[in-house]
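Next comes structure.txt, with compact mmCIF, C-alpha atoms.
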```txt
# COMPACT_ATOMS: atom_id res chain seq x y z
CA MET A 1 27.70 10.03 37.92
CA ALA A 2 23.98 9.90 37.24
CA GLU A 3 22.22 6.58 37.61
CA TYR A 4 21.24 6.61 33.93
CA ILE A 5 22.84 8.12 30.84
CA LEU A 6 21.85 11.74 30.41
CA PRO A 7 19.23 11.59 27.61
CA LEU A 8 17.44 8.82 29.48
CA GLU A 9 17.74 10.60 32.83
CA ARG A 10 16.18 13.70 31.24
CA LEU A 11 13.23 11.71 29.90
CA ILE A 12 12.67 9.97 33.24
CA GLU A 13 12.62 13.39 34.93
CA GLN A 14 10.01 14.60 32.44
CA PHE A 15 7.74 11.63 33.05
CA ARG A 16 8.06 12.17 36.81
CA LYS A 17 6.53 15.63 36.37
CA LEU A 18 3.24 14.00 35.37
CA PRO A 19 0.68 13.37 38.13
CA GLY A 20 0.72 9.91 39.70
CA ILE A 21 3.97 8.89 37.98
CA GLY A 22 6.63 7.79 40.49
CA LYS A 23 10.26 6.89 39.90
CA LYS A 24 9.70 3.23 38.91
CA THR A 25 6.89 4.05 36.47
CA ALA A 26 8.89 6.91 34.97
CA VAL A 27 11.82 4.56 34.34
CA ARG A 28 9.49 2.00 32.76
CA LEU A 29 7.90 4.60 30.49
CA ALA A 30 11.27 6.07 29.46
CA PHE A 31 12.56 2.63 28.48
CA ALA A 32 9.38 2.08 26.49
CA VAL A 33 10.15 5.26 24.54
CA LEU A 34 13.64 3.88 23.80
CA ASP A 35 11.92 0.91 22.19
CA PHE A 36 9.92 3.23 19.93
CA THR A 37 11.02 3.70 16.33
CA ASN A 38 12.36 7.18 15.54
CA GLU A 39 9.09 7.92 13.78
CA GLU A 40 7.02 6.85 16.78
CA ALA A 41 9.10 9.03 19.09
CA GLU A 42 8.68 11.95 16.69
CA THR A 43 4.90 11.45 16.64
CA PHE A 44 4.83 11.34 20.43
CA ALA A 45 6.92 14.53 20.72
CA ASP A 46 4.69 16.27 18.15
CA ALA A 47 1.55 15.28 20.04
CA VAL A 48 2.94 16.82 23.25
CA ARG A 49 3.88 20.02 21.45
CA GLY A 50 0.65 20.05 19.44
CA ALA A 51 -1.53 19.72 22.51
CA LYS A 52 -0.08 22.96 23.85
CA GLU A 53 0.06 24.79 20.52
CA LEU A 54 -3.33 23.86 19.11
CA VAL A 55 -5.51 23.71 22.20
CA ARG A 56 -6.91 27.09 23.19
CA THR A 57 -9.91 28.22 25.20
CA CYS A 58 -13.29 28.93 23.65
CA SER A 59 -13.87 32.70 23.67
CA VAL A 60 -17.43 32.14 24.90
CA CYS A 61 -17.40 29.34 27.48
CA GLN A 62 -13.64 29.16 28.21
CA ASN A 63 -13.65 25.40 27.62
CA ILE A 64 -10.64 23.94 25.79
CA SER A 65 -11.16 24.15 22.03
CA ASP A 66 -9.27 23.79 18.79
CA GLY A 67 -10.96 26.86 17.33
CA ASP A 68 -12.03 30.31 18.52
CA ILE A 69 -15.44 28.93 19.50
CA CYS A 70 -15.85 25.35 20.77
CA HIS A 71 -18.18 22.84 19.11
CA ILE A 72 -20.69 23.07 21.98
CA CYS A 73 -21.02 26.87 21.87
CA GLY A 74 -21.16 26.68 18.06
CA ASP A 75 -24.00 24.13 18.09
CA SER A 76 -27.35 25.84 17.39
CA GLU A 77 -29.26 22.67 18.34
CA ARG A 78 -28.23 23.10 21.96
CA ASP A 79 -30.15 25.16 24.48
CA HIS A 80 -28.19 28.38 24.93
CA SER A 81 -30.53 29.60 27.68
CA VAL A 82 -29.02 27.20 30.25
CA ILE A 83 -25.37 27.41 31.28
CA CYS A 84 -23.77 24.70 33.37
CA VAL A 85 -20.82 26.14 35.31
CA VAL A 86 -17.93 23.75 35.98
CA GLU A 87 -14.44 24.02 37.40
CA ASP A 88 -12.53 22.52 34.49
CA ALA A 89 -12.64 20.97 31.02
CA LYS A 90 -12.61 17.44 32.43
CA ALA A 91 -15.95 18.11 34.12
CA VAL A 92 -17.45 19.17 30.75
CA MET A 93 -16.33 15.87 29.25
CA SER A 94 -17.79 13.87 32.15
CA LEU A 95 -21.13 15.64 31.79
CA GLU A 96 -21.15 15.30 27.99
CA LYS A 97 -20.80 11.53 28.30
CA VAL A 98 -24.15 11.33 30.11
CA LYS A 99 -25.98 12.78 27.09
CA GLU A 100 -28.66 14.06 29.52
CA TYR A 101 -27.75 17.72 29.30
CA ASP A 102 -28.31 19.79 26.16
CA GLY A 103 -27.48 23.27 27.42
CA VAL A 104 -24.10 24.97 27.17
CA TYR A 105 -21.21 25.31 29.64
CA HIS A 106 -18.95 27.76 31.35
CA VAL A 107 -15.53 26.66 32.56
CA LEU A 108 -14.18 28.61 35.55
CA HIS A 109 -10.66 27.14 35.39
CA GLY A 110 -10.54 26.45 39.10
CA ALA A 111 -12.47 27.08 42.30
CA ILE A 112 -12.19 29.70 45.02
CA SER A 113 -9.52 28.62 47.49
CA PRO A 114 -8.19 31.14 50.01
CA MET A 115 -5.68 28.49 51.16
CA GLU A 116 -4.07 28.45 47.71
CA GLY A 117 -4.53 32.15 47.15
CA ILE A 118 -7.19 31.65 44.46
CA GLY A 119 -9.75 34.44 44.72
CA PRO A 120 -12.78 34.99 42.46
CA ASP A 121 -10.67 37.32 40.27
CA LYS A 122 -8.45 34.38 39.26
CA LEU A 123 -11.44 32.48 37.83
CA ARG A 124 -13.31 33.16 34.58
CA ILE A 125 -16.25 34.69 36.45
CA ARG A 126 -16.15 38.02 34.63
CA GLU A 127 -16.66 36.15 31.33
CA LEU A 128 -19.64 34.32 32.85
CA ILE A 129 -21.33 37.51 34.01
CA ALA A 130 -20.78 39.04 30.54
CA ARG A 131 -22.76 36.17 29.04
CA LEU A 132 -25.77 37.09 31.20
CA SER A 133 -25.99 40.68 29.96
CA ASP A 134 -28.17 40.17 26.89
CA GLY A 135 -31.02 38.36 28.69
CA THR A 136 -30.88 35.10 26.68
CA VAL A 137 -29.82 33.04 29.69
CA ASP A 138 -32.60 31.77 31.98
CA GLU A 139 -30.74 29.37 34.23
CA ILE A 140 -27.29 28.76 35.62
CA ILE A 141 -26.62 25.21 36.87
CA ILE A 142 -23.64 25.28 39.22
CA ALA A 143 -21.71 22.04 38.84
CA THR A 144 -18.57 22.82 40.79
CA ASN A 145 -17.09 19.86 42.69
CA PRO A 146 -18.74 18.97 46.03
CA THR A 147 -15.59 19.98 47.93
CA VAL A 148 -15.06 22.91 50.30
CA GLU A 149 -13.65 24.99 47.41
CA GLY A 150 -16.42 23.96 45.02
CA GLU A 151 -19.10 24.81 47.59
CA ALA A 152 -17.48 28.18 48.34
CA THR A 153 -17.47 28.94 44.62
CA ALA A 154 -21.13 27.88 44.31
CA MET A 155 -22.11 30.18 47.19
CA TYR A 156 -20.15 33.07 45.71
CA LEU A 157 -21.71 32.64 42.26
CA THR A 158 -25.23 32.33 43.71
CA LYS A 159 -24.87 35.63 45.56
CA LEU A 160 -23.51 37.27 42.44
CA ILE A 161 -26.01 35.94 39.88
CA LYS A 162 -29.35 35.74 41.75
CA PRO A 163 -29.73 39.56 41.91
CA LEU A 164 -29.48 39.60 38.10
CA GLY A 165 -32.81 37.75 37.91
CA VAL A 166 -31.35 34.51 36.55
CA LYS A 167 -32.43 31.19 38.11
CA VAL A 168 -29.49 29.51 39.86
CA SER A 169 -29.48 25.78 40.60
CA ARG A 170 -26.88 23.38 41.95
CA LEU A 171 -26.32 19.76 40.94
CA ALA A 172 -28.12 17.43 43.35
CA TYR A 173 -26.07 15.51 45.85
CA GLY A 174 -25.85 12.34 43.91
CA ILE A 175 -22.17 13.04 43.66
CA PRO A 176 -20.32 11.59 46.67
CA VAL A 177 -19.31 14.45 48.97
CA GLY A 178 -15.57 15.05 48.95
CA GLY A 179 -15.24 13.40 45.56
CA GLU A 180 -14.35 14.85 42.20
CA LEU A 181 -16.85 15.22 39.38
CA GLU A 182 -14.38 13.63 37.01
CA TYR A 183 -14.58 10.27 38.74
CA ALA A 184 -18.38 10.10 39.14
CA ASP A 185 -20.07 7.34 37.16
CA GLU A 186 -22.61 8.23 34.49
CA VAL A 187 -25.75 7.18 36.40
CA THR A 188 -24.72 9.24 39.41
CA LEU A 189 -24.13 12.22 37.15
CA MET A 190 -27.51 11.73 35.48
CA ARG A 191 -29.30 11.66 38.86
CA ALA A 192 -27.39 14.74 39.89
CA ILE A 193 -28.60 16.61 36.81
CA GLU A 194 -32.24 15.48 37.19
CA GLY A 195 -32.37 16.32 40.90
CA ARG A 196 -30.72 19.74 40.68
CA ARG A 197 -32.14 22.17 43.24
CA THR A 198 -32.85 25.88 43.01
CA MET A 199 -30.57 27.92 45.23
CA MET B 1 -17.31 13.25 16.48
CA ALA B 2 -14.35 12.30 18.63
CA GLU B 3 -14.80 12.33 22.39
CA TYR B 4 -12.05 14.94 22.76
CA ILE B 5 -10.81 17.72 20.49
CA LEU B 6 -8.25 16.43 18.02
CA PRO B 7 -4.92 17.62 19.49
CA LEU B 8 -5.95 16.22 22.88
CA GLU B 9 -7.21 12.97 21.37
CA ARG B 10 -3.86 12.55 19.60
CA LEU B 11 -1.94 13.04 22.84
CA ILE B 12 -4.18 10.60 24.73
CA GLU B 13 -3.56 8.03 21.99
CA GLN B 14 0.20 8.51 22.33
CA PHE B 15 0.13 8.01 26.09
CA ARG B 16 -1.94 4.85 25.61
CA LYS B 17 0.90 3.37 23.58
CA LEU B 18 3.03 3.27 26.72
CA PRO B 19 3.01 0.05 28.76
CA GLY B 20 0.57 -0.06 31.70
CA ILE B 21 -1.20 3.15 30.65
CA GLY B 22 -4.94 2.63 30.20
CA LYS B 23 -7.57 5.03 28.88
CA LYS B 24 -8.24 6.84 32.18
CA THR B 25 -4.56 7.34 32.98
CA ALA B 26 -3.84 8.51 29.44
CA VAL B 27 -6.59 11.13 29.73
CA ARG B 28 -5.23 12.26 33.09
CA LEU B 29 -1.69 12.57 31.72
CA ALA B 30 -2.82 14.41 28.59
CA PHE B 31 -4.72 16.96 30.67
CA ALA B 32 -1.63 17.40 32.84
CA VAL B 33 0.32 18.29 29.69
CA LEU B 34 -2.33 20.92 28.85
CA ASP B 35 -1.55 22.50 32.22
CA PHE B 36 2.16 22.72 31.33
CA THR B 37 3.58 26.03 30.20
CA ASN B 38 4.64 26.12 26.52
CA GLU B 39 8.25 25.86 27.67
CA GLU B 40 7.55 22.80 29.82
CA ALA B 41 5.77 21.08 26.92
CA GLU B 42 8.70 21.90 24.65
CA THR B 43 11.16 20.43 27.18
CA PHE B 44 9.05 17.29 27.45
CA ALA B 45 8.85 16.90 23.67
CA ASP B 46 12.61 17.47 23.36
CA ALA B 47 13.32 14.82 25.99
CA VAL B 48 11.26 12.27 24.06
CA ARG B 49 13.01 13.10 20.80
CA GLY B 50 16.42 13.31 22.50
CA ALA B 51 16.10 9.91 24.11
CA LYS B 52 15.77 8.35 20.67
CA GLU B 53 18.34 10.57 18.94
CA LEU B 54 21.09 10.53 21.54
CA VAL B 55 20.83 7.04 22.99
CA ARG B 56 22.74 4.46 20.97
CA THR B 57 24.22 1.06 21.77
CA CYS B 58 27.79 0.58 22.98
CA SER B 59 29.82 -0.96 20.16
CA VAL B 60 31.38 -3.41 22.64
CA CYS B 61 28.68 -4.59 25.07
CA GLN B 62 25.55 -3.44 23.16
CA ASN B 63 24.22 -1.67 26.27
CA ILE B 64 22.51 1.69 25.76
CA SER B 65 25.07 4.47 25.75
CA ASP B 66 25.43 8.15 24.89
CA GLY B 67 28.79 7.54 23.21
CA ASP B 68 30.37 4.93 20.95
CA ILE B 69 31.59 3.03 24.04
CA CYS B 70 29.61 3.02 27.28
CA HIS B 71 31.05 4.17 30.60
CA ILE B 72 31.32 0.59 31.89
CA CYS B 73 33.29 -0.75 28.91
CA GLY B 74 35.45 2.38 28.99
CA ASP B 75 36.29 1.94 32.68
CA SER B 76 39.79 0.44 33.08
CA GLU B 77 39.20 -0.15 36.81
CA ARG B 78 36.63 -2.83 36.01
CA ASP B 79 37.47 -6.47 35.44
CA HIS B 80 37.25 -7.02 31.69
CA SER B 81 37.88 -10.77 32.05
CA VAL B 82 34.34 -11.40 33.32
CA ILE B 83 31.29 -10.69 31.17
CA CYS B 84 27.80 -10.77 32.63
CA VAL B 85 25.28 -11.52 29.87
CA VAL B 86 21.82 -9.97 30.30
CA GLU B 87 18.69 -9.66 28.21
CA ASP B 88 18.33 -5.89 28.31
CA ALA B 89 19.69 -2.56 29.53
CA LYS B 90 17.30 -2.53 32.50
CA ALA B 91 19.01 -5.65 33.85
CA VAL B 92 22.41 -3.91 33.67
CA MET B 93 21.03 -1.07 35.74
CA SER B 94 19.54 -3.43 38.32
CA LEU B 95 22.88 -5.25 38.68
CA GLU B 96 24.86 -1.99 38.84
CA LYS B 97 22.79 -0.82 41.79
CA VAL B 98 24.04 -3.77 43.86
CA LYS B 99 27.66 -2.58 43.55
CA GLU B 100 28.75 -6.24 44.06
CA TYR B 101 29.82 -6.86 40.49
CA ASP B 102 32.88 -5.21 38.97
CA GLY B 103 33.12 -7.06 35.66
CA VAL B 104 31.63 -5.90 32.37
CA TYR B 105 28.37 -6.73 30.59
CA HIS B 106 26.90 -7.93 27.36
CA VAL B 107 23.33 -7.03 26.43
CA LEU B 108 21.55 -9.55 24.17
CA HIS B 109 18.52 -7.34 23.44
CA GLY B 110 16.07 -10.14 24.10
CA ALA B 111 15.90 -13.86 24.75
CA ILE B 112 15.33 -16.84 22.51
CA SER B 113 11.60 -17.32 22.03
CA PRO B 114 10.36 -19.67 19.28
CA MET B 115 6.79 -18.58 20.16
CA GLU B 116 7.56 -14.99 19.19
CA GLY B 117 9.84 -15.98 16.34
CA ILE B 118 12.99 -14.79 18.10
CA GLY B 119 15.87 -17.09 17.19
CA PRO B 120 19.53 -16.75 18.32
CA ASP B 121 20.29 -14.79 15.14
CA LYS B 122 17.99 -11.95 16.33
CA LEU B 123 20.06 -11.48 19.51
CA ARG B 124 23.50 -9.85 19.87
CA ILE B 125 25.19 -13.25 20.27
CA ARG B 126 27.59 -12.80 17.35
CA GLU B 127 28.97 -9.70 19.08
CA LEU B 128 29.41 -11.67 22.31
CA ILE B 129 31.35 -14.48 20.61
CA ALA B 130 33.58 -11.87 18.91
CA ARG B 131 34.55 -10.56 22.36
CA LEU B 132 35.85 -14.01 23.31
CA SER B 133 38.30 -14.29 20.39
CA ASP B 134 41.33 -12.55 21.91
CA GLY B 135 41.50 -14.72 25.05
CA THR B 136 41.11 -11.93 27.62
CA VAL B 137 37.76 -13.24 28.86
CA ASP B 138 37.88 -15.99 31.54
CA GLU B 139 34.27 -16.20 32.60
CA ILE B 140 30.80 -15.59 31.26
CA ILE B 141 28.07 -15.14 33.89
CA ILE B 142 24.70 -15.75 32.28
CA ALA B 143 22.13 -13.48 33.93
CA THR B 144 19.16 -13.91 31.62
CA ASN B 145 15.76 -13.84 33.33
CA PRO B 146 14.65 -17.06 35.10
CA THR B 147 11.84 -17.54 32.60
CA VAL B 148 11.42 -20.23 29.94
CA GLU B 149 12.96 -17.91 27.33
CA GLY B 150 15.80 -16.86 29.62
CA GLU B 151 16.61 -20.48 30.46
CA ALA B 152 16.55 -21.49 26.80
CA THR B 153 18.94 -18.65 26.03
CA ALA B 154 21.22 -19.70 28.91
CA MET B 155 21.31 -23.30 27.62
CA TYR B 156 22.03 -22.14 24.08
CA LEU B 157 24.87 -19.85 25.18
CA THR B 158 26.39 -22.53 27.43
CA LYS B 159 26.56 -25.02 24.56
CA LEU B 160 28.06 -22.37 22.31
CA ILE B 161 30.66 -20.93 24.71
CA LYS B 162 31.88 -23.90 26.78
CA PRO B 163 33.73 -25.50 23.80
CA LEU B 164 35.69 -22.23 23.50
CA GLY B 165 37.35 -22.97 26.86
CA VAL B 166 35.64 -20.11 28.72
CA LYS B 167 34.06 -20.78 32.14
CA VAL B 168 30.30 -20.33 31.97
CA SER B 169 28.23 -19.69 35.12
CA ARG B 170 24.60 -18.86 35.74
CA LEU B 171 23.16 -16.55 38.41
CA ALA B 172 22.07 -18.58 41.45
CA TYR B 173 18.36 -19.10 41.97
CA GLY B 174 17.92 -16.34 44.43
CA ILE B 175 15.76 -14.70 41.81
CA PRO B 176 12.15 -15.86 42.13
CA VAL B 177 11.41 -18.26 39.26
CA GLY B 178 9.08 -16.73 36.69
CA GLY B 179 10.03 -13.22 37.77
CA GLU B 180 11.90 -10.50 35.97
CA LEU B 181 15.41 -9.41 36.94
CA GLU B 182 14.31 -5.82 36.82
CA TYR B 183 12.00 -6.24 39.81
CA ALA B 184 14.37 -8.23 42.02
CA ASP B 185 15.47 -6.45 45.21
CA GLU B 186 19.15 -5.69 45.75
CA VAL B 187 19.82 -8.34 48.42
CA THR B 188 18.31 -11.05 46.22
CA LEU B 189 20.47 -9.89 43.33
CA MET B 190 23.57 -9.87 45.55
CA ARG B 191 22.92 -13.47 46.71
CA ALA B 192 22.34 -14.46 43.12
CA ILE B 193 25.74 -13.09 42.09
CA GLU B 194 27.58 -14.67 45.06
CA GLY B 195 25.96 -18.07 44.57
CA ARG B 196 26.40 -18.29 40.80
CA ARG B 197 27.05 -21.86 39.65
CA THR B 198 29.30 -23.23 36.91
CA MET B 199 27.34 -24.70 34.04
```
Show me the file's structure as structure tokens.
Amino acid sequence: MAEYILPLERLIEQFRKLPGIGKKTAVRLAFAVLDFTNEEAETFADAVRGAKELVRTCSVCQNISDGDICHICGDSERDHSVICVVEDAKAVMSLEKVKEYDGVYHVLHGAISPMEGIGPDKLRIRELIARLSDGTVDEIIIATNPTVEGEATAMYLTKLIKPLGVKVSRLAYGIPVGGELEYADEVTLMRAIEGRRTM
Amino acid sequence: MAEYILPLERLIEQFRKLPGIGKKTAVRLAFAVLDFTNEEAETFADAVRGAKELVRTCSVCQNISDGDICHICGDSERDHSVICVVEDAKAVMSLEKVKEYDGVYHVLHGAISPMEGIGPDKLRIRELIARLSDGTVDEIIIATNPTVEGEATAMYLTKLIKPLGVKVSRLAYGIPVGGELEYADEVTLMRAIEGRRTM
């Protein structure tokens, strides 16, 4: 016999699939859902489904978006001649919070990692190169994470883009080495943008 | 403009409604859901909905159940002459893990708390008294939490049940005072059952 009744066991299992949620927390969260009203549970379930159904990737920058083109790419006030290249959508949000940067972005959806079998072809690099073809882009700021994979990706992109005559820079090392962009505080991120170096 | 696109913002909000989930964790969990496949998101949403739809309360002991009568009340091997009274379903599960107790349960769904406006009428006390009417019950073990509310509930139940000629006992103070039954380790819970005292 299972430790909990089946519908509860199923919900606990689902919560355990989320990052950083262990057995005890999953049980606590599942019981909290039992205390929801039917309407609240319905709203929760809809939000989970909706996040998958309604969130797509911007056809230009590959960032998550609720339309074909995200609000950053669609904003004519922003400087479309500078593209900041990041690993994921969370990094875009971290950088946007600083309000220092007014260019646009490109989300790679990962970093090169031979260990995990992620080669350049698995990233949205083709889409980035396509954006450089019409000559409107002057600078690429590489803002991959300061990890082995992020650095490898930065090196790869530099070699690929420099021959195209586009300036390539890298975020300054204000970001703690080995850390993740997502967890950097806003001042650190601001320094990193100001002190970016040409590669 | 919202910090995140709407479907994501909605999901983050939902996660924040869960106990112990702050803004940062909610964001992390919501992004994890975005990385789910459509099928995984659907399964998650179904589990949330299912937990509310399929989990009801046992018509005898008021514990959560997937049928009209829970598996403990329906088990003829258990001693139906002893009822352990607890505040919530989590306490039943904690006590069941010990495997020391072979009686049945009664879940009050709370404890008396004048501060929060919870009087005896808001708890499943009427259902407990009804179970004592046919004379099959010899002992009531009160296992409410060792908090002010739990103690008040224990006192109230003792005064109510003792005149009916049923033995009333209380879990021994092996449980740390001020703590919650749910977090007690199994040995502590076992000692508490063994050392229960007549009230």
### Task
Do me a favour and pick out the residues of chain A within 8 Å of chain B, using all atoms listed in the file, as a PyMOL selection string.
chain A and resi 3-8+10-11+14+18-19+28-29+32-34+36-38+41-55+65-66+93
How would the residues just chosen look if you wrote them out with C-alpha atoms as a PDB file, in the frame of the given file?
```
ATOM      1  CA  GLU A   3      22.220   6.580  37.610  1.00  0.00           C
ATOM      2  CA  TYR A   4      21.240   6.610  33.930  1.00  0.00           C
ATOM      3  CA  ILE A   5      22.840   8.120  30.840  1.00  0.00           C
ATOM      4  CA  LEU A   6      21.850  11.740  30.410  1.00  0.00           C
ATOM      5  CA  PRO A   7      19.230  11.590  27.610  1.00  0.00           C
ATOM      6  CA  LEU A   8      17.440   8.820  29.480  1.00  0.00           C
ATOM      7  CA  ARG A  10      16.180  13.700  31.240  1.00  0.00           C
ATOM      8  CA  LEU A  11      13.230  11.710  29.900  1.00  0.00           C
ATOM      9  CA  GLN A  14      10.010  14.600  32.440  1.00  0.00           C
ATOM     10  CA  LEU A  18       3.240  14.000  35.370  1.00  0.00           C
ATOM     11  CA  PRO A  19       0.680  13.370  38.130  1.00  0.00           C
ATOM     12  CA  ARG A  28       9.490   2.000  32.760  1.00  0.00           C
ATOM     13  CA  LEU A  29       7.900   4.600  30.490  1.00  0.00           C
ATOM     14  CA  ALA A  32       9.380   2.080  26.490  1.00  0.00           C
ATOM     15  CA  VAL A  33      10.150   5.260  24.540  1.00  0.00           C
ATOM     16  CA  LEU A  34      13.640   3.880  23.800  1.00  0.00           C
ATOM     17  CA  PHE A  36       9.920   3.230  19.930  1.00  0.00           C
ATOM     18  CA  THR A  37      11.020   3.700  16.330  1.00  0.00           C
ATOM     19  CA  ASN A  38      12.360   7.180  15.540  1.00  0.00           C
ATOM     20  CA  ALA A  41       9.100   9.030  19.090  1.00  0.00           C
ATOM     21  CA  GLU A  42       8.680  11.950  16.690  1.00  0.00           C
ATOM     22  CA  THR A  43       4.900  11.450  16.640  1.00  0.00           C
ATOM     23  CA  PHE A  44       4.830  11.340  20.430  1.00  0.00           C
ATOM     24  CA  ALA A  45       6.920  14.530  20.720  1.00  0.00           C
ATOM     25  CA  ASP A  46       4.690  16.270  18.150  1.00  0.00           C
ATOM     26  CA  ALA A  47       1.550  15.280  20.040  1.00  0.00           C
ATOM     27  CA  VAL A  48       2.940  16.820  23.250  1.00  0.00           C
ATOM     28  CA  ARG A  49       3.880  20.020  21.450  1.00  0.00           C
ATOM     29  CA  GLY A  50       0.650  20.050  19.440  1.00  0.00           C
ATOM     30  CA  ALA A  51      -1.530  19.720  22.510  1.00  0.00           C
ATOM     31  CA  LYS A  52      -0.080  22.960  23.850  1.00  0.00           C
ATOM     32  CA  GLU A  53       0.060  24.790  20.520  1.00  0.00           C
ATOM     33  CA  LEU A  54      -3.330  23.860  19.110  1.00  0.00           C
ATOM     34  CA  VAL A  55      -5.510  23.710  22.200  1.00  0.00           C
ATOM     35  CA  SER A  65     -11.160  24.150  22.030  1.00  0.00           C
ATOM     36  CA  ASP A  66      -9.270  23.790  18.790  1.00  0.00           C
ATOM     37  CA  MET A  93     -16.330  15.870  29.250  1.00  0.00           C
TER      38      MET A  93
END
```
Once 5 Å is added on each side, what are the centre and the three edge lengths, in Å to one decimal, of the axis-aligned box enclosing the listed atoms of region 64-74 of chain B? Present them as AutoDock Vina command-line options.
```
--center_x 29.0 --center_y 3.7 --center_z 26.4 --size_x 22.9 --size_y 18.9 --size_z 20.9
```
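Atom to atom, CA of Ile140 (chain A) and CA of Cys84 (chain A) stand 5.8 Å apart.
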### Query
List as number ranges by chain: which residues have an atom within 9 Å of (32.7, -18.3, 28.5), counting all atoms listed in the file?
B: 82-83, 129, 132, 137-141, 157-158, 160-169
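Taking CA of Ala152 (chain A) and CA of Thr188 (chain A) as endpoints, the distance between them is 22.2 Å.
Nearest to Leu108 (chain A) of all the residues A:Gly150, A:Gly22, A:Gly74, A:Gly135 is A:Gly150, counting all atoms listed in the file.
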### Message
List as a list in words the protein and nucleic acid residues near Asp102 (chain B), meaning an atom at most 12 Å away when all atoms listed in the file are counted, but skip any in the same chain fewer than 4 places from it.
### Response
Ile72, Cys73, Asp75, Ser76, Glu77, Arg78, Asp79, His80, Ser81, Val82, Ile83, Cys84, Val92, Leu95, Glu96, Lys97, Val98 and Ile193 of chain B
### Message
Within 12 Å of (11.2, -8.8, 23.9) in the file's own coordinates, which protein, DNA or RNA residues have an atom, counting all atoms listed in the file? List them as an MDAnalysis selection string.
### Response
(chainID A and resid 32 35) or (chainID B and resid 87:89 108:119 122:123 145 149:150)
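The gap separating CA of Lys99 (chain B) from CA of Arg16 (chain A) is 25.4 Å, in Å to one decimal.
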With N, CA, C and O atoms as the target, complete region 55-66 of chain B and hand it back as a short mmCIF file (atom, residue, chain, number, x, y, z; two decimals), in the frame of the given file.
```cif
data_model
loop_
_atom_site.label_atom_id
_atom_site.label_comp_id
_atom_site.auth_asym_id
_atom_site.auth_seq_id
_atom_site.Cartn_x
_atom_site.Cartn_y
_atom_site.Cartn_z
N VAL B 55 20.49 8.32 22.37
CA VAL B 55 20.83 7.04 22.99
C VAL B 55 21.17 6.03 21.90
O VAL B 55 20.37 5.77 21.03
N ARG B 56 22.41 5.51 21.92
CA ARG B 56 22.74 4.46 20.97
C ARG B 56 23.23 3.24 21.75
O ARG B 56 23.14 3.21 22.97
N THR B 57 23.73 2.23 21.05
CA THR B 57 24.22 1.06 21.77
C THR B 57 25.74 1.06 21.73
O THR B 57 26.35 1.40 20.72
N CYS B 58 26.33 0.67 22.85
CA CYS B 58 27.79 0.58 22.98
C CYS B 58 28.30 -0.44 21.95
O CYS B 58 27.74 -1.53 21.84
N SER B 59 29.34 -0.07 21.22
CA SER B 59 29.82 -0.96 20.16
C SER B 59 30.48 -2.22 20.73
O SER B 59 30.66 -3.20 20.03
N VAL B 60 30.81 -2.21 22.02
CA VAL B 60 31.38 -3.41 22.64
C VAL B 60 30.29 -4.27 23.27
O VAL B 60 30.05 -5.40 22.84
N CYS B 61 29.59 -3.74 24.28
CA CYS B 61 28.68 -4.59 25.07
C CYS B 61 27.23 -4.50 24.63
O CYS B 61 26.38 -5.22 25.14
N GLN B 62 26.92 -3.59 23.69
CA GLN B 62 25.55 -3.44 23.16
C GLN B 62 24.57 -2.83 24.16
O GLN B 62 23.38 -2.79 23.92
N ASN B 63 25.08 -2.36 25.30
CA ASN B 63 24.22 -1.67 26.27
C ASN B 63 23.88 -0.29 25.71
O ASN B 63 24.59 0.22 24.84
N ILE B 64 22.82 0.33 26.21
CA ILE B 64 22.51 1.69 25.76
C ILE B 64 23.63 2.60 26.25
O ILE B 64 24.18 2.40 27.32
N SER B 65 23.93 3.61 25.46
CA SER B 65 25.07 4.47 25.75
C SER B 65 24.86 5.82 25.07
O SER B 65 24.13 5.93 24.10
N ASP B 66 25.50 6.87 25.60
CA ASP B 66 25.43 8.15 24.89
C ASP B 66 26.70 8.40 24.07
O ASP B 66 26.85 9.44 23.47
#
```
